[in-house]
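> Please see the structure below; I have some questions.
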Amino acid sequence: MENNILVVLPHPDDESFGASGTLAKRVHEGARVTYACLTLGEMGRNMGNPPFASRITLPAVRKLELAESCRSIGIQDVRMLGFHDKTIEFEPHEVLDGKIKSLIQELKPSLIITFYPGYSVHPDHDATGAAVIRTVRKMPEEKRPVVHCIAFSKNHEQYIGKPDVVNDVSDYIEQKINSIKAHRSQFMDILGEHEQSQDEMIKRFGKETFWTYRFDS
Ligand SMILES: [Zn+2]
């Protein structure tokens, strides 16, 4: 079982749907988790929503939301890397990859969780996953951490097949819901008006899937 896990995702809230249950489970089993969040998601507003944050205050709001989400999950170490939202694909590779490389050297993770480049919908997601893959690929094969990718683009299974990692996180549904709820500037409506039953929540959020990245193909 992996004991040092590094999560590399671009936006505060990327952790919630795809990985929070898995991370809560791993923390419970004794893992140490570092979440490297590339941006503050400061562009995450549309049509005046959320009403309680302006363009100026949103970064501070999202920082607090991220801290709350990580507390709910049990993540011990959060690094905000300070890149700008919606610009990851334009960052020079040496800067982006250099940050990831130094985190890997410092933390020596046995597992990295990131987005599957090309199958993760948002350009920031794809660019983040691509940077992780480039960086890990350059490491000697025997030193590479396992990389688990999150994918959710349309028809992704046509190209990358079924996920090889399927985690039942129903015992950690409370942590997951609290992580989602922490990001209230983004997900005000997503959980619905009425409180859903535990069973509904487990049906909706109780499984998390990952693709182990294959460096040989
Ligand atoms: Zn995102």
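Every chain in the structure tokens has a letter given in the order shown (A, B, ...), and although residue numbers restart at 1 in each chain, ligands are simply numbered from 1 in the order shown.
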With only C-alpha atoms as the counted atoms, please give the residues lying no more than 10 Å from His28 (chain A), apart from itself and same-chain residues fewer than 3 positions off, as a list in words.
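Skipping anything fewer than 3 positions along the chain leaves Thr22, Leu23, Ala24, Lys25, Ala31, Arg32, Ile73, Gly74 and Tyr172 of chain A.
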> Could you give me the residues within 8 Å of ligand 1, counting only C-alpha atoms and all ligand atoms, as a PDB file with N, CA, C and O atoms, in the first residue's frame?

```pdb
ATOM      1  N   LEU A   9      -3.215  18.553  -9.018  1.00  0.00           N
ATOM      2  CA  LEU A   9      -4.416  18.963  -9.746  1.00  0.00           C
ATOM      3  C   LEU A   9      -4.420  20.484  -9.847  1.00  0.00           C
ATOM      4  O   LEU A   9      -3.861  21.163  -8.985  1.00  0.00           O
ATOM      5  N   PRO A  10      -5.057  21.045 -10.895  1.00  0.00           N
ATOM      6  CA  PRO A  10      -4.944  22.492 -11.080  1.00  0.00           C
ATOM      7  C   PRO A  10      -5.890  23.367 -10.260  1.00  0.00           C
ATOM      8  O   PRO A  10      -5.554  24.511  -9.980  1.00  0.00           O
ATOM      9  N   HIS A  11      -7.060  22.876  -9.888  1.00  0.00           N
ATOM     10  CA  HIS A  11      -8.047  23.771  -9.275  1.00  0.00           C
ATOM     11  C   HIS A  11      -8.496  23.280  -7.901  1.00  0.00           C
ATOM     12  O   HIS A  11      -8.718  22.076  -7.740  1.00  0.00           O
ATOM     13  N   PRO A  12      -8.687  24.215  -6.970  1.00  0.00           N
ATOM     14  CA  PRO A  12      -9.345  23.821  -5.736  1.00  0.00           C
ATOM     15  C   PRO A  12     -10.735  23.322  -6.124  1.00  0.00           C
ATOM     16  O   PRO A  12     -11.447  24.052  -6.824  1.00  0.00           O
ATOM     17  N   ASP A  13     -11.098  22.159  -5.773  1.00  0.00           N
ATOM     18  CA  ASP A  13     -12.356  21.419  -6.022  1.00  0.00           C
ATOM     19  C   ASP A  13     -12.127  20.228  -6.957  1.00  0.00           C
ATOM     20  O   ASP A  13     -12.951  19.315  -6.999  1.00  0.00           O
ATOM     21  N   ASP A  14     -10.990  20.207  -7.682  1.00  0.00           N
ATOM     22  CA  ASP A  14     -10.714  19.049  -8.543  1.00  0.00           C
ATOM     23  C   ASP A  14     -10.601  17.763  -7.714  1.00  0.00           C
ATOM     24  O   ASP A  14     -10.842  16.675  -8.223  1.00  0.00           O
ATOM     25  N   GLY A  41      -7.899  28.825  -8.783  1.00  0.00           N
ATOM     26  CA  GLY A  41      -9.208  28.794  -9.437  1.00  0.00           C
ATOM     27  C   GLY A  41      -9.862  30.154  -9.444  1.00  0.00           C
ATOM     28  O   GLY A  41     -11.080  30.289  -9.367  1.00  0.00           O
ATOM     29  N   HIS A 122     -10.943  19.886 -19.362  1.00  0.00           N
ATOM     30  CA  HIS A 122     -10.495  21.278 -19.264  1.00  0.00           C
ATOM     31  C   HIS A 122      -9.003  21.354 -19.637  1.00  0.00           C
ATOM     32  O   HIS A 122      -8.227  20.491 -19.226  1.00  0.00           O
ATOM     33  N   ASP A 124      -6.627  23.140 -18.507  1.00  0.00           N
ATOM     34  CA  ASP A 124      -5.775  23.112 -17.304  1.00  0.00           C
ATOM     35  C   ASP A 124      -5.592  21.679 -16.795  1.00  0.00           C
ATOM     36  O   ASP A 124      -4.511  21.302 -16.335  1.00  0.00           O
ATOM     37  N   HIS A 125      -6.660  20.897 -16.841  1.00  0.00           N
ATOM     38  CA  HIS A 125      -6.586  19.503 -16.364  1.00  0.00           C
ATOM     39  C   HIS A 125      -5.613  18.709 -17.231  1.00  0.00           C
ATOM     40  O   HIS A 125      -4.714  18.029 -16.727  1.00  0.00           O
TER      41      HIS A 125
END
```
> Which one of A:Met188, A:Ile113, A:Leu81, A:Met139 sits closest to Ala151 (chain A) if you count only C-alpha atoms?
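Nearest to Ala151 (chain A): A:Ile113.
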> Would you please extract all strand (DSSP E) residues from region 68-164 of chain A, as assigned by DSSP on the backbone, and give them as a list in words?
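Taking region 68-164 of chain A and keeping strand (DSSP E) only, one gets Asp77, Val78, Arg79, Met80, Leu81, Gly82, Phe83, Leu111, Ile112, Ile113, Thr114, Phe115, Val146, Val147, His148, Cys149 and Ile150 of chain A.
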> Could you check the closest approach to Val33 (chain A) for each of A:Arg204, A:Arg184, A:Arg79, A:Lys154 and tell me which residue wins, using only C-alpha atoms?
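Closest to Val33 (chain A), using only C-alpha atoms: A:Arg79.
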> What is the CA of Asn4 (chain A) to CA of Ser69 (chain A) distance in Å?
19.3 Å
> So that I can check the surroundings of Ala182 (chain A), please list as number ranges by chain every protein, DNA and RNA residue that reaches within 8 Å of it, counting only C-alpha atoms and ignoring chain neighbours fewer than 6 positions away.
A: 65-66, 68-69
> Save the residues we just selected, C-alpha atoms, as a PDB file, in the first residue's frame?

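Below is the file again_30.pdb, written as the result:
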```pdb
ATOM      1  CA  GLU A  65     -12.632  26.436   0.788  1.00  0.00           C
ATOM      2  CA  LEU A  66      -9.642  24.342  -0.235  1.00  0.00           C
ATOM      3  CA  GLU A  68     -11.753  23.177   4.570  1.00  0.00           C
ATOM      4  CA  SER A  69     -12.045  20.475   1.917  1.00  0.00           C
TER       5      SER A  69
END
```
> Please compute the CA of Leu64 (chain A)-CA of Phe83 (chain A) distance, one decimal, in Å.
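Spanning CA of Leu64 (chain A) to CA of Phe83 (chain A) is a straight-line distance of 17.2 Å.
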> From the list A:Thr128, A:Gln198, A:Thr57, A:Ser16, which residue is nearest Cys70 (chain A) when using only C-alpha atoms?
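Closest to Cys70 (chain A), using only C-alpha atoms: A:Ser16.
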> Can you pull out the residues contacting Ile150 (chain A)? Cut-off 6 Å, using only C-alpha atoms, and skip same-chain residues under 4 positions away; I want them as a count of residues only.
3
> Please identify all polymer residues within 6 Å of region 91-107 of chain A, counting only C-alpha atoms, omitting same-chain residues fewer than 2 positions from it, and present them as a PyMOL selection string.
chain A and resi 88-89+109+131+135
> Based on the backbone DSSP call, show me all residues of region 17-198 of chain A assigned helix (DSSP H, G or I), as a PyMOL selection string.
chain A and resi 17-28+58-73+88-90+93-107+123-137+141-143+156-160+170-182+198
> Please provide the set of residues having any atom within 12 Å of Arg45 (chain A), restricted to only C-alpha atoms, with same-chain residues fewer than 2 positions apart removed, written as a ChimeraX atom specification.
/A:41-43,47-59,61-62,85,184-187
> One decimal, Å: what's the distance from CA of His183 (chain A) over to CA of Ser197 (chain A), could you say?
20.4 Å
> Within 8 Å of Met80 (chain A), counting only C-alpha atoms, which residues show up once you throw out same-chain ones fewer than 5 positions away? Write them as a list in words, please.
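In the requested format, the answer is Ala36, Cys37, Leu38, Thr39 and Leu40 of chain A.
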> Selected residues, all heavy atoms, written as a CSV table (one decimal), in the first residue's frame, please.

```
chain,number,residue,atom,x,y,z
A,36,ALA,N,-0.8,19.2,-4.1
A,36,ALA,CA,-0.2,20.3,-4.8
A,36,ALA,C,-1.3,20.8,-5.8
A,36,ALA,O,-1.6,20.2,-6.8
A,36,ALA,CB,1.0,19.9,-5.6
A,37,CYS,N,-1.8,22.0,-5.4
A,37,CYS,CA,-2.9,22.6,-6.2
A,37,CYS,C,-2.3,23.7,-7.0
A,37,CYS,O,-1.8,24.7,-6.4
A,37,CYS,CB,-4.0,23.1,-5.2
A,37,CYS,SG,-5.5,23.6,-6.1
A,38,LEU,N,-2.4,23.6,-8.3
A,38,LEU,CA,-1.6,24.5,-9.1
A,38,LEU,C,-2.1,26.0,-9.1
A,38,LEU,O,-1.3,26.9,-9.2
A,38,LEU,CB,-1.5,24.0,-10.6
A,38,LEU,CG,-0.3,23.1,-10.9
A,38,LEU,CD1,-0.3,21.9,-10.0
A,38,LEU,CD2,-0.4,22.7,-12.3
A,39,THR,N,-3.4,26.2,-9.1
A,39,THR,CA,-4.0,27.5,-9.1
A,39,THR,C,-4.9,27.7,-8.0
A,39,THR,O,-5.3,26.8,-7.3
A,39,THR,CB,-4.7,27.8,-10.5
A,39,THR,OG1,-6.1,27.3,-10.3
A,39,THR,CG2,-4.1,27.1,-11.6
A,40,LEU,N,-5.4,28.9,-7.9
A,40,LEU,CA,-6.5,29.2,-6.9
A,40,LEU,C,-7.8,29.2,-7.5
A,40,LEU,O,-8.8,29.6,-6.9
A,40,LEU,CB,-6.2,30.5,-6.2
A,40,LEU,CG,-5.1,30.4,-5.1
A,40,LEU,CD1,-4.8,31.8,-4.5
A,40,LEU,CD2,-5.5,29.5,-4.0
```
